[in-house]
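Undergrad: The following block contains the structure, expressed as C-alpha cells.
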Amino acid sequence: MKRIFLIVLDSFGIGEMEDAAEYGDKGTNTIASVSSSSYFHVPHMKKMGLFNLDGVSCGEKEQEISARIARMKEASKGKDTTIGHWEIAGVISKQPLPTYPNGFPAEVLEQFSALTGRGVLCNQTYSGTEVIRDYGDEHVRTGDLIVYTSADSVFQIAAHEDVVPVEQLYEYCQMARDMLQGEHGVGRVIARPFNGKSGSYVRTTRRHDYSLLPPGVTMLDQLQETGFAVIGVGKIKDIFAGKGITEYVYTQGNADGIEKSLAYMDKEFEGLCFINLVDYDMLYGHRNDIDGYAKALTYFDEKLPEFLGKMREEDILMITADHGCDPGYLISTDHSREHTPFLMYGKNVKAENLGTRETFADIGATVLDYFGIEPAFHGSSML
C-alpha cells in the first residue's frame, strides 16, 4: 500500500533566487539566518542532506546522504503561500496574485459595503494584532467591519464576535470571495474574529481562509479522480479551496500539526497526506525572530525519528517549503523570493543529489509518478 507524506515547512527558504532583486529580496537567505542561532540543531535533516543542497553554505555537508535531494526553483511569478503550494501541486502562475500596499480601491469597498450593509474601517496594510487595537473600539461602536491587508495577496476582515457573530462573519467573507475574482482575485479572503474588551482585544482561534480556486489541474485533482486518498493537514484544504481533497484536519500550530500527521501514519489509506506547518512563517519569519524560527526547526528535527520509525515498506516522506521568509532580513518582514529544499526519504528511495530543479511542479510530478499517474501539467518526476 503506497503512501506519501509531503511536509511543507512554511517559508523555509535556502537562499535567494536569481530574480530576487526584482522582488526586493536581494541577499535573503532564510536557512543562513536561522543557522546563526545557537538553538539551531537539525542532525536528522543534516543526515538526509540538507546542507548538501546546491547553494547552501551553512552547516556541515554529509559524506553519504540518506535521502534523494534537490534545490527547487519557483517558476511562478510570486512568493506567497498560495502560489507556492499551487506550484508544488503542478500549477505554474504566470502572473503574481494582486497585492494592495495602499489599500483596496474605493469601488471594491463600495461593492463590499453594498453586499454586507456595513461600513468599512482601516483599509490599510496592517498587523493583525495592531489593527484590532487601533480600530476595535470604533468597530464595536459602529458595527463597521475592519478590512485590512498585508504584503500578501489577502483581503482580511476583522470583527468582534459579540458585534458580528462568527457565522455571519464567514458569510461576509464568502461574499467577498465571490466578489474578488479576475483583476481583484486575491489569493485569500480571511475571517479574523476577535473578542475581549477595549485595550485588551485578542484574536480568537476561529480564523477561516477562503482561497481562490487553483486555475488549473493539480496533482490533488488527479489523485482524487484516480481513487487515491488526498488528506490535508493544517491549511492545505483552505489553500486549494477544498478542490481535490478527500479528507482534512485543521491544526493549532506546528506541534499539533506534527502530532496529527504522526497519527495519520498509523491509519490505513493509499495516497497522499499533504501537511503544512505554518509557525515558521507566521510566528517567526514575519516577526524577525531568528531564535524562535531555529527552535521550531529543531523541534521538527527532533520529531523526525518518530516519522521515520512509523514508515512502512512503501512509504515515502518528502520535506519541502513554499517560499522564504528570512527572519534576519531586517529591511522587510515580508516573504522572500528564495529557492526551497526538497528531501525525499523512503526504504526503496535511492539517495542522490539531483542538483537544482527548474520548478516546484517537479514535486507534484514525482508524487503522481509514484502512483502510476501521468501528470496533466509541466513537471518532471524525481523518482
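Naming works like this for the C-alpha cells: A, B, ... for the chains as they're shown, residue 1 at the start of each chain, ligands 1 onward in shown order.
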Write out as an MDAnalysis selection string all residues of region 195-310 of chain A that DSSP puts in strand (DSSP E or B) for this structure's backbone.

TA: chainID A and resid 195 202:203 208:211 229:233 247:249 271:277

Undergrad: Could you pull the residues within 9 Å of Val42 (chain A), counting only C-alpha atoms, minus those fewer than 2 positions along the same chain, as a list in words?

TA: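 Contacts, with the query itself left out: Phe40, His44, Met45, Lys46, Lys47, Leu297, Thr298, Tyr299, Phe300, Asp301 and Glu302 of chain A.
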
Undergrad: Go ahead and compute the interatomic distance for CA of Arg3 (chain A) and CA of Ile316 (chain A), in Å to one decimal.

TA: 6.4 Å

Undergrad: Measuring atom to atom with only C-alpha atoms, identify which of A:Ala351, A:Thr366, A:Ile275, A:Asp326 is nearest to Gly27 (chain A).

TA: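 Looking at the shortest contact to Gly27 (chain A), the residue is A:Asp326.
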
Undergrad: Out of A:Gly49, A:Gly309, A:Thr205, A:Arg177, which residue has the shortest atom-to-atom distance to Glu161 (chain A) when counting only C-alpha atoms?

TA: A:Thr205

Undergrad: Using only C-alpha atoms, can you tell me which of A:Leu6, A:Ala365, A:Ile290, A:Ala229 comes closest to Val34 (chain A)?

TA: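 Counting only C-alpha atoms, the residue closest to Val34 (chain A) is A:Ile290.
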
Undergrad: Can you pull out the residues contacting Glu171 (chain A)? Cut-off 12 Å, using only C-alpha atoms, and skip same-chain residues under 4 positions away; I want them as a PyMOL selection string.

TA: chain A and resi 115-116+157+164-167+175-178+189-191+208-210

Undergrad: Deliver the residues from the most recent selection as a file, using N, CA and C atoms, as a PDB file, in the first residue's frame.

TA:
```pdb
ATOM      1  N   LEU A 115     -22.963  44.819  -0.356  1.00  0.00           N
ATOM      2  CA  LEU A 115     -23.305  43.408  -0.134  1.00  0.00           C
ATOM      3  C   LEU A 115     -23.604  43.127   1.338  1.00  0.00           C
ATOM      4  N   THR A 116     -22.818  43.725   2.234  1.00  0.00           N
ATOM      5  CA  THR A 116     -22.939  43.401   3.658  1.00  0.00           C
ATOM      6  C   THR A 116     -23.874  44.350   4.407  1.00  0.00           C
ATOM      7  N   ILE A 157     -10.832  40.453   7.040  1.00  0.00           N
ATOM      8  CA  ILE A 157     -11.975  41.096   7.676  1.00  0.00           C
ATOM      9  C   ILE A 157     -11.973  40.719   9.157  1.00  0.00           C
ATOM     10  N   VAL A 164     -20.374  40.944  15.542  1.00  0.00           N
ATOM     11  CA  VAL A 164     -20.687  40.169  14.332  1.00  0.00           C
ATOM     12  C   VAL A 164     -20.469  38.695  14.670  1.00  0.00           C
ATOM     13  N   PRO A 165     -21.534  37.930  14.865  1.00  0.00           N
ATOM     14  CA  PRO A 165     -21.359  36.504  15.151  1.00  0.00           C
ATOM     15  C   PRO A 165     -20.469  35.841  14.097  1.00  0.00           C
ATOM     16  N   VAL A 166     -19.691  34.865  14.525  1.00  0.00           N
ATOM     17  CA  VAL A 166     -18.698  34.265  13.635  1.00  0.00           C
ATOM     18  C   VAL A 166     -19.322  33.727  12.353  1.00  0.00           C
ATOM     19  N   GLU A 167     -20.467  33.082  12.465  1.00  0.00           N
ATOM     20  CA  GLU A 167     -21.091  32.528  11.251  1.00  0.00           C
ATOM     21  C   GLU A 167     -21.457  33.641  10.263  1.00  0.00           C
ATOM     22  N   MET A 175     -19.062  36.276   0.675  1.00  0.00           N
ATOM     23  CA  MET A 175     -19.482  37.331  -0.255  1.00  0.00           C
ATOM     24  C   MET A 175     -18.253  37.998  -0.893  1.00  0.00           C
ATOM     25  N   ALA A 176     -17.263  38.309  -0.057  1.00  0.00           N
ATOM     26  CA  ALA A 176     -16.048  38.935  -0.572  1.00  0.00           C
ATOM     27  C   ALA A 176     -15.311  38.007  -1.526  1.00  0.00           C
ATOM     28  N   ARG A 177     -15.262  36.716  -1.180  1.00  0.00           N
ATOM     29  CA  ARG A 177     -14.582  35.748  -2.047  1.00  0.00           C
ATOM     30  C   ARG A 177     -15.259  35.674  -3.416  1.00  0.00           C
ATOM     31  N   ASP A 178     -16.588  35.633  -3.431  1.00  0.00           N
ATOM     32  CA  ASP A 178     -17.330  35.584  -4.692  1.00  0.00           C
ATOM     33  C   ASP A 178     -17.128  36.867  -5.504  1.00  0.00           C
ATOM     34  N   VAL A 189      -9.261  35.382   1.081  1.00  0.00           N
ATOM     35  CA  VAL A 189     -10.073  36.234   1.954  1.00  0.00           C
ATOM     36  C   VAL A 189     -10.025  35.560   3.321  1.00  0.00           C
ATOM     37  N   ILE A 190      -9.737  36.333   4.360  1.00  0.00           N
ATOM     38  CA  ILE A 190      -9.519  35.720   5.674  1.00  0.00           C
ATOM     39  C   ILE A 190     -10.439  36.337   6.730  1.00  0.00           C
ATOM     40  N   ALA A 191     -11.195  35.480   7.400  1.00  0.00           N
ATOM     41  CA  ALA A 191     -12.013  35.904   8.541  1.00  0.00           C
ATOM     42  C   ALA A 191     -11.117  35.978   9.768  1.00  0.00           C
ATOM     43  N   HIS A 208     -10.721  31.777   9.523  1.00  0.00           N
ATOM     44  CA  HIS A 208     -11.050  30.889   8.406  1.00  0.00           C
ATOM     45  C   HIS A 208     -10.622  31.550   7.100  1.00  0.00           C
ATOM     46  N   ASP A 209      -9.989  30.763   6.232  1.00  0.00           N
ATOM     47  CA  ASP A 209      -9.482  31.267   4.951  1.00  0.00           C
ATOM     48  C   ASP A 209     -10.379  30.826   3.800  1.00  0.00           C
ATOM     49  N   TYR A 210     -10.599  31.746   2.866  1.00  0.00           N
ATOM     50  CA  TYR A 210     -11.380  31.468   1.660  1.00  0.00           C
ATOM     51  C   TYR A 210     -10.465  31.713   0.459  1.00  0.00           C
TER      52      TYR A 210
END
```

Undergrad: Mind the document's chain letters and residue numbers, and return as a ChimeraX atom specification the residues of region 141-274 of chain A that DSSP labels alpha helix (DSSP H).

TA: /A:141-142,166-179,219-225,236-239,254-265

Undergrad: Quick one: distance from CA of Glu62 (chain A) to CA of Arg337 (chain A) in Å, one decimal?

TA: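 Pair CA of Glu62 (chain A) / CA of Arg337 (chain A) returns 26.8 Å.
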
Undergrad: What does the distance between CA of Ala241 (chain A) and CA of Tyr100 (chain A) come to in Å, to one decimal place?

TA: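 Distance reported for this atom pair: 21.9 Å.
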
Undergrad: Write out, as a tab-separated table, each residue of region 212-286 of chain A that has an atom at most 12 Å from region 81-85 of chain A, together with the closest pair of atoms and their distance in Å to one decimal, counting only C-alpha atoms, rows going by chain and rising number.

TA:
```
residue	atom	partner	partner_atom	distance
A:Leu212	CA	A:Thr82	CA	8.7
A:Leu213	CA	A:Thr82	CA	10.0
A:Pro214	CA	A:Thr82	CA	8.9
A:Pro215	CA	A:Ile83	CA	10.7
A:Thr218	CA	A:His85	CA	10.2
A:Met219	CA	A:His85	CA	11.0
A:Leu220	CA	A:His85	CA	11.2
A:Lys235	CA	A:Thr81	CA	10.2
A:Ile236	CA	A:His85	CA	8.4
A:Lys237	CA	A:His85	CA	11.1
A:Asp238	CA	A:Thr82	CA	9.5
A:Ile239	CA	A:Thr82	CA	5.9
A:Phe240	CA	A:Thr82	CA	8.0
A:Ala241	CA	A:Thr82	CA	10.4
A:Phe274	CA	A:His85	CA	10.3
A:Ile275	CA	A:His85	CA	10.7
A:Asn276	CA	A:His85	CA	9.5
A:Leu277	CA	A:Thr81	CA	11.6
A:Val278	CA	A:Thr81	CA	9.8
A:Asp281	CA	A:Thr81	CA	9.6
A:Met282	CA	A:Thr81	CA	11.0
```

Undergrad: Would you kindly return, as a PyMOL selection string, each protein, DNA or RNA residue with an atom no farther than 12 Å from any atom of Glu130 (chain A), considering only C-alpha atoms and excluding same-chain residues fewer than 4 positions away?

TA: chain A and resi 122+124-126+134-136+146+148+158+199-203

Undergrad: Rank nothing, just name the residue among A:Val186, A:Leu9, A:Ala296, A:Met382 nearest to Gly364 (chain A), using only C-alpha atoms.

TA: A:Met382

Undergrad: For a quick check of understanding, using only C-alpha atoms, which of A:Asp162, A:Asp279, A:Glu22, A:Glu183 has the smallest distance to Ala255 (chain A)?

TA: A:Asp279

Undergrad: Find the residue from A:Ser113, A:Asn195, A:Ser38, A:Thr99 that sits nearest to Thr149 (chain A); use only C-alpha atoms when measuring.

TA: A:Thr99

Undergrad: Give me, as a PyMOL selection string, all polymer residues having an atom no more than 8 Å from Gly244 (chain A), counting only C-alpha atoms and skipping those fewer than 6 positions away in the same chain.

TA: chain A and resi 218+220-224+230

Undergrad: Suppose we keep C-alpha atoms; can you now write the selection as a JSON list (two decimals), in the first residue's frame?

TA:
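result_33.json, written as the output of this step:
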```json
[["chain", "number", "residue", "atom", "x", "y", "z"],
["A", 218, "THR", "CA", -3.36, 19.83, -9.75],
["A", 220, "LEU", "CA", -4.63, 16.60, -5.89],
["A", 221, "ASP", "CA", -7.29, 16.52, -8.60],
["A", 222, "GLN", "CA", -5.55, 13.70, -10.44],
["A", 223, "LEU", "CA", -5.06, 11.62, -7.30],
["A", 224, "GLN", "CA", -8.69, 12.06, -6.24],
["A", 230, "VAL", "CA", -5.76, 13.10, -0.55]]
```
